[in-house]
file input_24.tsv (TSV, C-alpha atoms and all ligand atoms)
chain	number	residue	atom	x	y	z
A	181	MET	CA	-13.69	14.17	0.26
A	182	ASN	CA	-12.16	17.35	-1.08
A	183	ASN	CA	-9.02	16.60	-3.11
A	184	THR	CA	-7.63	20.13	-3.28
A	185	LEU	CA	-6.17	22.50	-0.76
A	186	THR	CA	-6.25	26.12	-1.77
A	187	VAL	CA	-3.81	27.41	0.81
A	188	LYS	CA	-0.26	28.62	0.38
A	189	GLN	CA	2.21	27.60	-2.28
A	190	ASN	CA	3.71	24.18	-3.03
A	191	GLU	CA	5.81	23.78	0.11
A	192	TYR	CA	4.16	20.58	1.13
A	193	LYS	CA	2.63	17.47	-0.39
A	194	THR	CA	-0.74	16.00	0.48
A	195	SER	CA	-2.00	12.52	1.28
A	196	PHE	CA	-5.33	10.78	1.10
A	197	ILE	CA	-6.81	8.01	3.28
A	198	ASN	CA	-5.55	5.18	1.06
A	199	ASN	CA	-1.92	6.31	0.95
A	200	ARG	CA	-0.78	3.66	3.41
A	201	ARG	CA	-0.23	-0.07	3.44
A	202	TYR	CA	-2.61	-2.07	5.62
A	203	LEU	CA	-3.39	-5.78	5.59
A	204	GLY	CA	-6.96	-6.45	4.48
A	205	ASN	CA	-7.76	-2.82	3.67
A	206	LYS	CA	-10.81	-2.60	1.45
A	207	TYR	CA	-10.09	0.55	-0.54
A	208	LYS	CA	-10.04	-1.32	-3.85
A	209	LEU	CA	-13.35	-2.98	-3.02
A	210	LEU	CA	-15.25	0.27	-2.50
A	211	PRO	CA	-17.14	0.12	-5.84
A	212	PHE	CA	-18.32	-3.39	-4.93
A	213	ILE	CA	-19.32	-2.45	-1.38
A	214	THR	CA	-21.11	0.79	-2.32
A	215	ASP	CA	-22.93	-0.97	-5.15
A	216	VAL	CA	-24.35	-3.58	-2.77
A	217	VAL	CA	-25.38	-0.92	-0.26
A	218	GLU	CA	-27.00	1.31	-2.87
A	219	LYS	CA	-28.99	-1.51	-4.44
A	220	GLU	CA	-29.92	-3.50	-1.35
A	221	CYS	CA	-30.17	-1.15	1.62
A	222	LYS	CA	-32.92	1.43	1.95
A	223	GLY	CA	-33.04	4.51	4.16
A	224	VAL	CA	-29.50	4.27	5.53
A	225	LYS	CA	-28.63	7.51	7.35
A	226	SER	CA	-25.94	6.20	9.68
A	227	PHE	CA	-23.00	3.90	8.90
A	228	ALA	CA	-20.95	2.17	11.60
A	229	ASP	CA	-17.57	0.72	10.59
A	230	ILE	CA	-16.77	-1.22	13.75
A	231	PHE	CA	-13.53	-2.90	12.60
A	232	ALA	CA	-12.51	0.22	10.71
A	233	GLY	CA	-8.74	-0.28	10.22
A	234	THR	CA	-7.66	2.57	7.91
A	235	GLY	CA	-11.23	3.90	7.66
A	236	ALA	CA	-11.20	3.35	3.89
A	237	VAL	CA	-14.73	1.92	3.83
A	238	SER	CA	-16.14	4.80	5.88
A	239	SER	CA	-14.62	7.22	3.36
A	240	ALA	CA	-17.20	6.02	0.82
A	241	PHE	CA	-20.13	6.86	3.12
A	242	THR	CA	-19.45	10.44	4.17
A	243	ASP	CA	-22.94	11.48	3.06
A	244	LYS	CA	-24.14	9.64	6.19
A	245	VAL	CA	-23.38	9.91	9.90
A	246	ILE	CA	-20.19	7.89	10.36
A	247	ILE	CA	-19.28	5.83	13.40
A	248	THR	CA	-15.80	4.30	13.38
A	249	ASN	CA	-14.18	1.92	15.82
A	250	ASP	CA	-10.99	-0.10	16.08
A	251	LEU	CA	-9.19	-1.94	18.88
A	252	MET	CA	-5.91	-0.27	17.92
A	253	TYR	CA	-5.32	3.31	19.06
A	254	SER	CA	-3.26	4.03	15.93
A	255	ASN	CA	-6.34	3.32	13.80
A	256	TYR	CA	-8.60	5.28	16.12
A	257	ILE	CA	-6.31	8.31	15.73
A	258	CYS	CA	-6.32	8.05	11.91
A	259	ASN	CA	-10.09	7.61	11.88
A	260	TYR	CA	-10.51	10.64	14.14
A	261	ALA	CA	-8.24	12.60	11.80
A	262	TRP	CA	-10.37	11.71	8.75
A	263	PHE	CA	-13.87	11.65	10.25
A	264	GLY	CA	-13.82	13.45	13.63
A	265	SER	CA	-16.61	15.97	14.18
A	266	GLU	CA	-14.27	18.59	15.68
A	267	ALA	CA	-13.26	21.27	13.15
A	268	TYR	CA	-9.57	22.09	12.63
A	269	ASN	CA	-7.39	24.81	11.20
A	270	LYS	CA	-5.72	23.71	7.95
A	271	GLN	CA	-3.06	26.37	8.15
A	272	ILE	CA	-1.95	25.21	11.61
A	273	VAL	CA	-1.49	21.67	10.29
A	274	ILE	CA	0.42	22.91	7.24
A	275	ASP	CA	2.72	25.07	9.37
A	276	TYR	CA	3.64	22.14	11.64
A	277	VAL	CA	4.21	19.79	8.69
A	278	VAL	CA	6.48	22.29	6.94
A	279	TYR	CA	8.40	22.91	10.18
A	280	TYR	CA	8.82	19.18	10.89
A	281	ASN	CA	10.16	18.54	7.40
A	282	PHE	CA	12.94	21.08	7.95
A	283	LEU	CA	14.24	19.54	11.20
A	284	SER	CA	17.85	18.38	11.38
A	285	ASP	CA	20.53	17.47	13.98
A	286	ILE	CA	18.16	16.10	16.56
A	287	GLN	CA	19.24	14.68	19.91
A	288	ASP	CA	18.78	11.08	20.99
A	289	ASN	CA	15.32	10.14	22.28
A	290	TYR	CA	13.08	7.07	22.89
A	291	MET	CA	13.04	6.26	19.19
A	292	THR	CA	16.82	6.42	18.61
A	293	GLU	CA	17.47	4.45	21.80
A	294	ASN	CA	15.18	1.60	20.75
A	295	PHE	CA	14.92	1.62	16.96
A	296	SER	CA	18.05	3.19	15.41
A	297	ASP	CA	19.06	1.39	12.20
A	298	THR	CA	16.25	-1.16	12.39
A	299	TYR	CA	13.12	-0.11	10.50
A	300	PHE	CA	14.48	3.44	10.16
A	301	SER	CA	17.87	5.15	10.13
A	302	ARG	CA	19.14	6.77	13.30
A	303	ASP	CA	18.33	10.26	11.94
A	304	ASP	CA	14.79	9.36	10.97
A	305	CYS	CA	14.26	7.74	14.39
A	306	ALA	CA	15.45	11.01	15.98
A	307	LYS	CA	12.95	12.96	13.87
A	308	ILE	CA	10.05	10.59	14.61
A	309	GLY	CA	10.72	10.76	18.36
A	310	PHE	CA	11.07	14.55	18.34
A	311	ILE	CA	7.95	15.12	16.24
A	312	ARG	CA	5.78	12.80	18.31
A	313	GLU	CA	6.90	14.46	21.56
A	314	ASP	CA	6.37	17.91	20.07
A	315	ILE	CA	2.81	17.08	18.98
A	316	GLU	CA	1.99	15.96	22.52
A	317	GLU	CA	3.53	19.03	24.13
A	318	ASN	CA	1.68	21.40	21.83
A	319	TYR	CA	-1.56	19.57	22.50
A	320	LYS	CA	-1.03	19.81	26.26
A	321	MET	CA	-0.25	23.52	25.91
A	322	LYS	CA	-3.49	23.90	23.87
A	323	ASN	CA	-1.61	25.20	20.82
A	324	ILE	CA	-3.40	22.54	18.79
A	325	ASN	CA	-6.80	20.92	19.33
A	326	GLY	CA	-7.61	17.19	19.43
A	327	ARG	CA	-8.31	16.99	15.71
A	328	GLU	CA	-5.10	18.81	14.76
A	329	ARG	CA	-3.20	16.46	17.08
A	330	ALA	CA	-4.83	13.44	15.37
A	331	ILE	CA	-4.08	14.79	11.89
A	332	LEU	CA	-0.43	15.44	12.74
A	333	ILE	CA	-0.01	11.96	14.26
A	334	THR	CA	-1.69	10.50	11.17
A	335	SER	CA	0.72	12.42	8.96
A	336	LEU	CA	3.63	11.00	10.98
A	337	LEU	CA	2.32	7.41	10.83
A	338	TYR	CA	1.78	7.62	7.07
A	339	ALA	CA	5.29	9.07	6.63
A	340	MET	CA	6.79	6.22	8.68
A	341	ASP	CA	4.90	3.67	6.63
A	342	LYS	CA	6.33	5.13	3.40
A	343	ILE	CA	9.97	4.61	4.40
A	344	ALA	CA	10.01	1.68	6.87
A	345	LYS	CA	12.36	-1.13	5.87
A	346	THR	CA	9.60	-3.71	5.99
A	347	CYS	CA	7.34	-5.61	3.66
A	348	GLY	CA	4.48	-3.45	4.93
A	349	HIS	CA	4.23	-4.86	8.44
A	350	TYR	CA	6.57	-4.81	11.41
A	351	ASP	CA	7.11	-8.51	12.18
A	352	ALA	CA	10.67	-8.00	10.98
A	353	TYR	CA	12.81	-5.39	9.26
A	354	ARG	CA	14.97	-5.93	6.20
A	355	LYS	CA	18.50	-6.21	7.60
A	356	GLY	CA	21.19	-4.40	5.67
A	357	ALA	CA	18.68	-2.56	3.47
A	358	GLU	CA	19.76	0.95	2.53
A	359	PHE	CA	17.93	3.86	4.16
A	360	ASP	CA	17.47	5.70	0.88
A	361	LYS	CA	14.27	7.72	1.49
A	362	PRO	CA	14.22	10.26	4.32
A	363	LEU	CA	11.13	10.85	6.45
A	364	GLU	CA	8.75	13.32	4.82
A	365	LEU	CA	5.44	14.38	6.34
A	366	LEU	CA	2.50	15.09	4.04
A	367	VAL	CA	-0.65	17.06	4.81
A	368	PRO	CA	-3.65	14.69	5.06
A	369	LEU	CA	-6.55	15.99	2.95
A	370	ALA	CA	-9.12	15.67	5.72
A	371	GLU	CA	-12.40	17.60	5.56
A	372	VAL	CA	-12.40	20.53	7.99
A	373	HIS	CA	-16.09	20.17	8.81
A	374	ASN	CA	-17.34	16.60	9.04
A	375	ASN	CA	-20.85	15.66	10.15
A	376	LEU	CA	-21.25	16.90	13.74
A	377	ASN	CA	-22.82	13.59	14.74
A	378	ASN	CA	-19.84	11.48	13.66
A	379	GLN	CA	-18.27	9.42	16.45
A	380	CYS	CA	-14.95	7.58	16.66
A	381	TYR	CA	-14.28	4.82	19.19
A	382	ASN	CA	-11.30	2.77	20.32
A	383	GLU	CA	-12.65	-0.37	21.90
A	384	ASP	CA	-13.59	-3.99	21.43
A	385	ALA	CA	-16.41	-4.04	18.85
A	386	ASN	CA	-18.24	-6.63	20.97
A	387	GLU	CA	-18.54	-4.09	23.79
A	388	LEU	CA	-19.36	-1.14	21.54
A	389	VAL	CA	-22.40	-2.76	19.89
A	390	LYS	CA	-24.05	-3.12	23.28
A	391	ARG	CA	-24.38	0.70	23.44
A	392	VAL	CA	-24.23	2.06	19.88
A	393	ALA	CA	-26.80	1.56	17.10
A	394	ALA	CA	-26.70	2.48	13.39
A	395	ASP	CA	-28.84	1.86	10.31
A	396	LEU	CA	-26.02	-0.10	8.66
A	397	ILE	CA	-23.23	-1.80	10.59
A	398	TYR	CA	-20.27	-2.91	8.50
A	399	ILE	CA	-18.13	-5.70	9.96
A	400	ASP	CA	-14.66	-6.47	8.64
A	401	PRO	CA	-12.89	-8.49	11.36
A	402	PRO	CA	-9.51	-10.17	10.99
A	403	TYR	CA	-10.18	-13.57	9.47
A	404	ASN	CA	-7.05	-15.52	10.31
A	405	SER	CA	-4.64	-15.92	13.24
A	406	ARG	CA	-2.55	-12.95	12.24
A	407	GLN	CA	-2.92	-10.32	14.98
A	408	TYR	CA	-2.92	-6.71	13.76
A	409	CYS	CA	-1.19	-5.57	16.96
A	410	ASP	CA	1.78	-7.77	16.02
A	411	ALA	CA	1.95	-6.55	12.43
A	412	TYR	CA	1.62	-2.84	13.37
A	413	HIS	CA	3.18	-2.72	16.86
A	414	LEU	CA	5.54	0.10	15.94
A	415	LEU	CA	2.82	2.41	14.56
A	416	GLU	CA	0.76	1.60	17.66
A	417	ASN	CA	3.73	2.37	19.90
A	418	VAL	CA	4.30	5.78	18.29
A	419	ALA	CA	0.58	6.63	18.25
A	420	ARG	CA	0.16	5.80	21.96
A	421	TRP	CA	3.49	7.34	22.92
A	422	GLU	CA	3.69	5.70	26.31
A	423	LYS	CA	7.34	4.79	25.57
A	424	PRO	CA	7.15	1.16	26.71
A	425	GLU	CA	10.05	-1.26	26.95
A	426	VAL	CA	10.48	-3.20	23.68
A	427	PHE	CA	11.73	-6.75	23.18
A	428	GLY	CA	13.42	-9.06	20.70
A	429	VAL	CA	14.75	-8.51	17.21
A	430	ALA	CA	11.46	-7.00	16.00
A	431	ARG	CA	11.46	-4.57	19.01
A	432	LYS	CA	7.84	-5.23	19.97
A	433	MET	CA	6.15	-3.86	23.09
A	434	ASP	CA	3.78	-5.86	25.29
A	435	ARG	CA	0.57	-6.27	23.28
A	436	THR	CA	-1.46	-8.50	25.60
A	437	LYS	CA	-4.39	-6.06	25.83
A	438	LEU	CA	-4.54	-5.58	22.06
A	439	LYS	CA	-5.01	-9.20	21.01
A	440	SER	CA	-8.17	-9.89	19.05
A	441	LYS	CA	-10.49	-12.83	19.76
A	442	TYR	CA	-11.23	-12.90	16.04
A	443	CYS	CA	-7.73	-14.30	15.42
A	444	THR	CA	-8.25	-17.25	17.77
A	445	ARG	CA	-10.25	-20.45	17.85
A	446	ASN	CA	-12.91	-18.51	19.79
A	447	ALA	CA	-13.66	-16.35	16.74
A	448	ALA	CA	-17.04	-17.95	15.98
A	449	THR	CA	-18.20	-17.49	19.59
A	450	ALA	CA	-17.10	-13.85	19.54
A	451	PHE	CA	-18.91	-13.32	16.22
A	452	GLU	CA	-22.07	-14.93	17.57
A	453	GLU	CA	-22.08	-12.65	20.62
A	454	LEU	CA	-21.41	-9.61	18.41
A	455	ILE	CA	-24.31	-10.33	16.06
A	456	GLU	CA	-26.72	-11.08	18.92
A	457	ASN	CA	-26.08	-7.66	20.44
A	458	ILE	CA	-26.07	-5.59	17.25
A	459	LYS	CA	-28.79	-2.99	16.81
A	460	ALA	CA	-29.08	-2.17	13.09
A	461	LYS	CA	-31.40	-2.43	10.10
A	462	TYR	CA	-28.64	-4.00	8.02
A	463	ILE	CA	-25.46	-5.89	8.87
A	464	LEU	CA	-22.85	-6.11	6.14
A	465	LEU	CA	-19.95	-8.51	6.67
A	466	SER	CA	-16.71	-8.87	4.68
A	467	TYR	CA	-15.11	-12.23	5.31
A	468	ASN	CA	-12.29	-13.67	3.30
A	469	ASN	CA	-12.20	-17.40	2.74
A	470	MET	CA	-9.06	-17.81	0.63
A	471	ALA	CA	-7.28	-20.13	3.01
A	472	ASP	CA	-3.75	-20.96	1.97
A	473	LYS	CA	-4.15	-24.71	2.25
A	474	GLY	CA	-1.60	-26.27	4.55
A	475	ASN	CA	-0.76	-22.97	6.21
A	476	ASP	CA	-2.74	-22.88	9.43
A	477	ARG	CA	-1.90	-19.24	10.13
A	478	SER	CA	-3.84	-18.03	7.10
A	479	ASN	CA	-6.85	-20.31	7.49
A	480	ALA	CA	-10.17	-18.55	8.03
A	481	LYS	CA	-11.27	-18.79	11.67
A	482	ILE	CA	-15.03	-18.74	11.11
A	483	SER	CA	-16.58	-21.26	8.72
A	484	ASP	CA	-19.15	-20.25	6.14
A	485	GLU	CA	-21.65	-22.57	7.87
A	486	ASP	CA	-21.19	-20.67	11.14
A	487	ILE	CA	-21.51	-17.31	9.40
A	488	MET	CA	-24.75	-18.31	7.69
A	489	ARG	CA	-26.16	-19.88	10.87
A	490	ILE	CA	-25.34	-16.87	13.05
A	491	LEU	CA	-26.50	-14.19	10.60
A	492	GLY	CA	-29.53	-16.30	9.63
A	493	ARG	CA	-30.80	-16.09	13.22
A	494	LYS	CA	-30.83	-12.32	13.01
A	495	GLY	CA	-32.58	-11.88	9.64
A	496	VAL	CA	-32.54	-12.63	5.93
A	497	VAL	CA	-29.08	-13.22	4.47
A	498	LYS	CA	-27.81	-12.69	0.92
A	499	VAL	CA	-24.24	-13.30	-0.21
A	500	PHE	CA	-22.50	-11.33	-2.95
A	501	ALA	CA	-19.25	-11.96	-4.75
A	502	GLU	CA	-17.15	-9.17	-6.16
A	503	SER	CA	-19.02	-9.20	-9.47
A	504	TYR	CA	-22.24	-8.45	-7.55
A	505	LYS	CA	-23.95	-11.75	-8.20
A	506	PRO	CA	-26.24	-12.94	-5.42
A	507	PHE	CA	-25.57	-16.55	-4.47
A	508	THR	CA	-27.80	-19.15	-2.93
A	509	THR	CA	-26.91	-20.04	0.63
A	510	GLY	CA	-25.15	-23.33	-0.22
A	511	LYS	CA	-21.59	-23.38	1.03
A	512	SER	CA	-20.13	-24.74	-2.21
A	513	ASP	CA	-21.48	-21.74	-4.09
A	514	ILE	CA	-19.89	-19.07	-1.95
A	515	SER	CA	-16.61	-20.67	-0.98
A	516	GLU	CA	-15.12	-20.28	-4.46
A	517	ASN	CA	-15.08	-16.51	-4.23
A	518	LYS	CA	-12.36	-14.56	-2.58
A	519	GLU	CA	-14.18	-11.34	-1.79
A	520	ARG	CA	-17.65	-11.90	-0.47
A	521	LEU	CA	-20.14	-9.67	1.26
A	522	PHE	CA	-22.77	-11.16	3.55
A	523	LEU	CA	-25.74	-8.85	3.86
A	524	CYS	CA	-28.21	-9.49	6.65
A	525	THR	CA	-31.48	-7.55	6.55
A	526	VAL	CA	-32.35	-7.64	10.23
A	527	THR	CA	-35.81	-8.89	11.12
A	528	LYS	CA	-35.30	-9.70	14.83
B	601	LIG	C1	-9.49	-6.52	8.11
B	601	LIG	S1	-8.99	-5.19	9.14
B	601	LIG	C2	-10.12	-3.91	8.68
B	601	LIG	C3	-9.70	-3.23	7.41
B	601	LIG	C4	-10.56	-2.03	7.07
B	601	LIG	N1	-11.89	-2.39	6.62
B	601	LIG	C5	-9.87	-1.17	6.01
B	601	LIG	O1	-10.41	-1.04	4.89
B	601	LIG	O2	-8.79	-0.64	6.30
B	601	LIG	C6	-9.57	-5.67	10.72
B	601	LIG	C7	-9.45	-4.61	11.81
B	601	LIG	O3	-10.13	-5.06	12.98
B	601	LIG	C8	-9.45	-4.59	14.12
B	601	LIG	N2	-9.91	-5.44	15.25
B	601	LIG	C9	-9.55	-6.71	15.55
B	601	LIG	N3	-10.29	-7.18	16.59
B	601	LIG	C10	-11.12	-6.19	16.94
B	601	LIG	C11	-12.13	-6.05	17.94
B	601	LIG	N4	-12.41	-7.07	18.78
B	601	LIG	N5	-12.81	-4.89	18.03
B	601	LIG	C12	-12.52	-3.85	17.19
B	601	LIG	N6	-11.58	-3.92	16.23
B	601	LIG	C13	-10.89	-5.07	16.11
B	601	LIG	C14	-7.98	-4.70	13.74
B	601	LIG	O4	-7.18	-3.83	14.53
B	601	LIG	C15	-8.01	-4.33	12.26
B	601	LIG	O5	-7.72	-2.97	12.07
call {"tool": "encode", "arguments": {"input": "input_24.tsv", "output": "structure tokens"}}
result
Amino acid sequence: MNNTLTVKQNEYKTSFINNRRYLGNKYKLLPFITDVVEKECKGVKSFADIFAGTGAVSSAFTDKVIITNDLMYSNYICNYAWFGSEAYNKQIVIDYVVYYNFLSDIQDNYMTENFSDTYFSRDDCAKIGFIREDIEENYKMKNINGRERAILITSLLYAMDKIAKTCGHYDAYRKGAEFDKPLELLVPLAEVHNNLNNQCYNEDANELVKRVAADLIYIDPPYNSRQYCDAYHLLENVARWEKPEVFGVARKMDRTKLKSKYCTRNAATAFEELIENIKAKYILLSYNNMADKGNDRSNAKISDEDIMRILGRKGVVKVFAESYKPFTTGKSDISENKERLFLCTVTK
């Protein structure tokens, strides 16, 4: 991706895809992942990242057609901002960002009414609510296109993440913490012209793979019982902007429809169904096995035996650890390594 913007003077700062906190994001593992793909996968022209999260992994494969997908709308919006095939006007985005950063004395709105002095100060809540509403109104009035809308929402979500009084997720806020940093939007350095065949989806990966094929499908599901919709409910709320009722100390909305099967005891069944329906030459799986012994919440939901059995039915499987050493298929060999990649060369 292009790291420079050659427009206007220094009135704004810029951000890149990895400038946010996200549980399990693979940005730091990109050299490992790209190394495995380069050495082991031949003729890959399309790359599907079907549990895309931040989209960090897709960002390393922009020489190919990119397909992204995530169950959470907030991730879909960010992925569309980074990889969407619709072109956008950089100057329009810059003008909105500069304008939003100069806002002051804003009236009460959904955000102040529900979140004042929790994760954000009252004034920052007022700004977040105003900005999100303004983006929607300008989109409806066709002053901005879908990609510009996505980029502005992404800029807002990244700005919220920078200042939220949390440890990176929204299960709780730090009570009594000082609101020292004000909200500041940055201009995401997204390519104006991405591949016209790129596609971004917002659905259950198990449904998507029934319709969409790619040369390489990368799978990075949640591996423990921690639901992403719980950890990022507030970013999801602002991205969706349906202004739902929120509950409890953490001010969460109803998230029933956003729960992932991969965080439950049915994870192996879901994984089996996913793999059976996948249409790809290669399937690449990231699956963490560093269970915190004694803490059930962080225990991996799919065993290595199940992974090997399920992938083995689809083709030939090799396992790599971060140092790029292929392992034999014995469980004891692979379970010692925190970051593993399971590569299945599909034969069936
Ligand atoms: C480990 S994270 C992916 C991190 C990503 N590779 C990155 O680098 O940012 C898992 C993602 O899967 C998504 N997810 C969970 N269940 C899903 C499902 N059934 N279909 C699609 N996405 C799902 C979560 O919302 C979360 O963003």
call {"tool": "closest_atom_pairs", "arguments": {"input": "input_24.tsv", "of": "chain A", "to": "ligand LIG 601 (chain B)", "cutoff": "6 Å", "atoms": "all atoms listed in the file", "output": "JSON lines"}}
result
{"residue": "A:Gly204", "atom": "CA", "partner": "B:LIG601", "partner_atom": "C1", "distance": 4.4}
{"residue": "A:Asn205", "atom": "CA", "partner": "B:LIG601", "partner_atom": "O1", "distance": 3.4}
{"residue": "A:Lys206", "atom": "CA", "partner": "B:LIG601", "partner_atom": "O1", "distance": 3.8}
{"residue": "A:Tyr207", "atom": "CA", "partner": "B:LIG601", "partner_atom": "O1", "distance": 5.7}
{"residue": "A:Phe231", "atom": "CA", "partner": "B:LIG601", "partner_atom": "O3", "distance": 4.0}
{"residue": "A:Ala232", "atom": "CA", "partner": "B:LIG601", "partner_atom": "C4", "distance": 4.7}
{"residue": "A:Gly233", "atom": "CA", "partner": "B:LIG601", "partner_atom": "O5", "distance": 3.4}
{"residue": "A:Thr234", "atom": "CA", "partner": "B:LIG601", "partner_atom": "O2", "distance": 3.8}
{"residue": "A:Gly235", "atom": "CA", "partner": "B:LIG601", "partner_atom": "O2", "distance": 5.3}
{"residue": "A:Ala236", "atom": "CA", "partner": "B:LIG601", "partner_atom": "O1", "distance": 4.6}
{"residue": "A:Val237", "atom": "CA", "partner": "B:LIG601", "partner_atom": "O1", "distance": 5.3}
{"residue": "A:Asp250", "atom": "CA", "partner": "B:LIG601", "partner_atom": "N6", "distance": 3.9}
{"residue": "A:Leu251", "atom": "CA", "partner": "B:LIG601", "partner_atom": "N6", "distance": 4.1}
{"residue": "A:Met252", "atom": "CA", "partner": "B:LIG601", "partner_atom": "O4", "distance": 5.1}
{"residue": "A:Glu383", "atom": "CA", "partner": "B:LIG601", "partner_atom": "C12", "distance": 5.9}
{"residue": "A:Asp384", "atom": "CA", "partner": "B:LIG601", "partner_atom": "N5", "distance": 3.6}
{"residue": "A:Ala385", "atom": "CA", "partner": "B:LIG601", "partner_atom": "N5", "distance": 3.8}
{"residue": "A:Asp400", "atom": "CA", "partner": "B:LIG601", "partner_atom": "C1", "distance": 5.2}
{"residue": "A:Pro401", "atom": "CA", "partner": "B:LIG601", "partner_atom": "C6", "distance": 4.4}
{"residue": "A:Pro402", "atom": "CA", "partner": "B:LIG601", "partner_atom": "C6", "distance": 4.5}
{"residue": "A:Tyr408", "atom": "CA", "partner": "B:LIG601", "partner_atom": "O4", "distance": 5.2}
{"residue": "A:Ser440", "atom": "CA", "partner": "B:LIG601", "partner_atom": "N3", "distance": 4.2}
{"residue": "A:Tyr442", "atom": "CA", "partner": "B:LIG601", "partner_atom": "N3", "distance": 5.8}
call {"tool": "residues_around", "arguments": {"input": "input_24.tsv", "residues": "Ala352 (chain A)", "least_positions_apart": "4", "cutoff": "8 Å", "atoms": "all atoms listed in the file", "output": "number ranges by chain"}}
result
A: 346, 429-430
call {"tool": "closest_atom_pairs", "arguments": {"input": "input_24.tsv", "of": "region 399-451 of chain A", "to": "region 281-305 of chain A", "cutoff": "10 Å", "atoms": "only C-alpha atoms", "output": "JSON lines"}}
result
{"residue": "A:Leu414", "atom": "CA", "partner": "A:Tyr299", "partner_atom": "CA", "distance": 9.3}
{"residue": "A:Val418", "atom": "CA", "partner": "A:Met291", "partner_atom": "CA", "distance": 8.8}
{"residue": "A:Trp421", "atom": "CA", "partner": "A:Tyr290", "partner_atom": "CA", "distance": 9.6}
{"residue": "A:Lys423", "atom": "CA", "partner": "A:Tyr290", "partner_atom": "CA", "distance": 6.7}
{"residue": "A:Pro424", "atom": "CA", "partner": "A:Tyr290", "partner_atom": "CA", "distance": 9.2}
{"residue": "A:Glu425", "atom": "CA", "partner": "A:Asn294", "partner_atom": "CA", "distance": 8.5}
{"residue": "A:Val426", "atom": "CA", "partner": "A:Asn294", "partner_atom": "CA", "distance": 7.3}
{"residue": "A:Phe427", "atom": "CA", "partner": "A:Asn294", "partner_atom": "CA", "distance": 9.4}
{"residue": "A:Val429", "atom": "CA", "partner": "A:Thr298", "partner_atom": "CA", "distance": 8.9}
{"residue": "A:Ala430", "atom": "CA", "partner": "A:Thr298", "partner_atom": "CA", "distance": 8.4}
{"residue": "A:Arg431", "atom": "CA", "partner": "A:Phe295", "partner_atom": "CA", "distance": 7.4}
call {"tool": "closest_residue", "arguments": {"input": "input_24.tsv", "among": "A:Tyr412, A:Tyr260, A:Tyr381, A:Tyr462", "to": "Asp395 (chain A)", "atoms": "all atoms listed in the file"}}
result
A:Tyr462
call {"tool": "closest_residue", "arguments": {"input": "input_24.tsv", "among": "A:Arg489, A:Lys494, A:Lys528, A:Arg520", "to": "Phe212 (chain A)", "atoms": "only C-alpha atoms"}}
result
A:Arg520
call {"tool": "atom_distance", "arguments": {"input": "input_24.tsv", "atom1": "CA of Leu203 (chain A)", "atom2": "CA of Cys258 (chain A)"}}
result
15.5 Å
call {"tool": "atom_distance", "arguments": {"input": "input_24.tsv", "atom1": "CA of Leu209 (chain A)", "atom2": "CA of Thr242 (chain A)"}}
result
16.4 Å
call {"tool": "atom_distance", "arguments": {"input": "input_24.tsv", "atom1": "CA of Ser226 (chain A)", "atom2": "CA of Lys481 (chain A)"}}
result
29.0 Å
call {"tool": "residues_around", "arguments": {"input": "input_24.tsv", "residues": "Ile213 (chain A)", "least_positions_apart": "5", "cutoff": "10 Å", "atoms": "all atoms listed in the file", "output": "JSON, numbers by chain"}}
result
{"A": [206, 207, 208, 218, 237, 240, 398, 464, 466, 500, 502, 504, 520, 521]}
call {"tool": "decode", "arguments": {"input": "input_24.tsv", "residues": "region 352-361 of chain A", "atoms": "N, CA and C atoms", "output": "compact mmCIF listing (two decimals), in the first residue's frame"}}
result
# COMPACT_ATOMS: atom_id res chain seq x y z
N ALA A 352 -15.07 -3.77 29.87
CA ALA A 352 -15.17 -2.86 31.01
C ALA A 352 -14.37 -1.61 30.68
N TYR A 353 -14.68 -0.51 31.37
CA TYR A 353 -13.83 0.68 31.21
C TYR A 353 -13.10 0.94 32.52
N ARG A 354 -12.02 1.69 32.44
CA ARG A 354 -11.22 1.95 33.63
C ARG A 354 -11.84 3.11 34.40
N LYS A 355 -12.51 2.78 35.50
CA LYS A 355 -13.23 3.81 36.27
C LYS A 355 -12.25 4.80 36.87
N GLY A 356 -12.61 6.07 36.80
CA GLY A 356 -11.79 7.10 37.43
C GLY A 356 -10.58 7.50 36.62
N ALA A 357 -10.34 6.81 35.49
CA ALA A 357 -9.16 7.17 34.68
C ALA A 357 -9.39 8.55 34.06
N GLU A 358 -8.30 9.29 33.94
CA GLU A 358 -8.39 10.65 33.39
C GLU A 358 -8.60 10.59 31.87
N PHE A 359 -9.45 11.49 31.37
CA PHE A 359 -9.63 11.56 29.91
C PHE A 359 -8.60 12.56 29.38
N ASP A 360 -7.37 12.09 29.19
CA ASP A 360 -6.30 13.03 28.87
C ASP A 360 -6.15 13.31 27.37
N LYS A 361 -6.50 12.31 26.52
CA LYS A 361 -6.30 12.52 25.07
C LYS A 361 -7.64 12.79 24.40
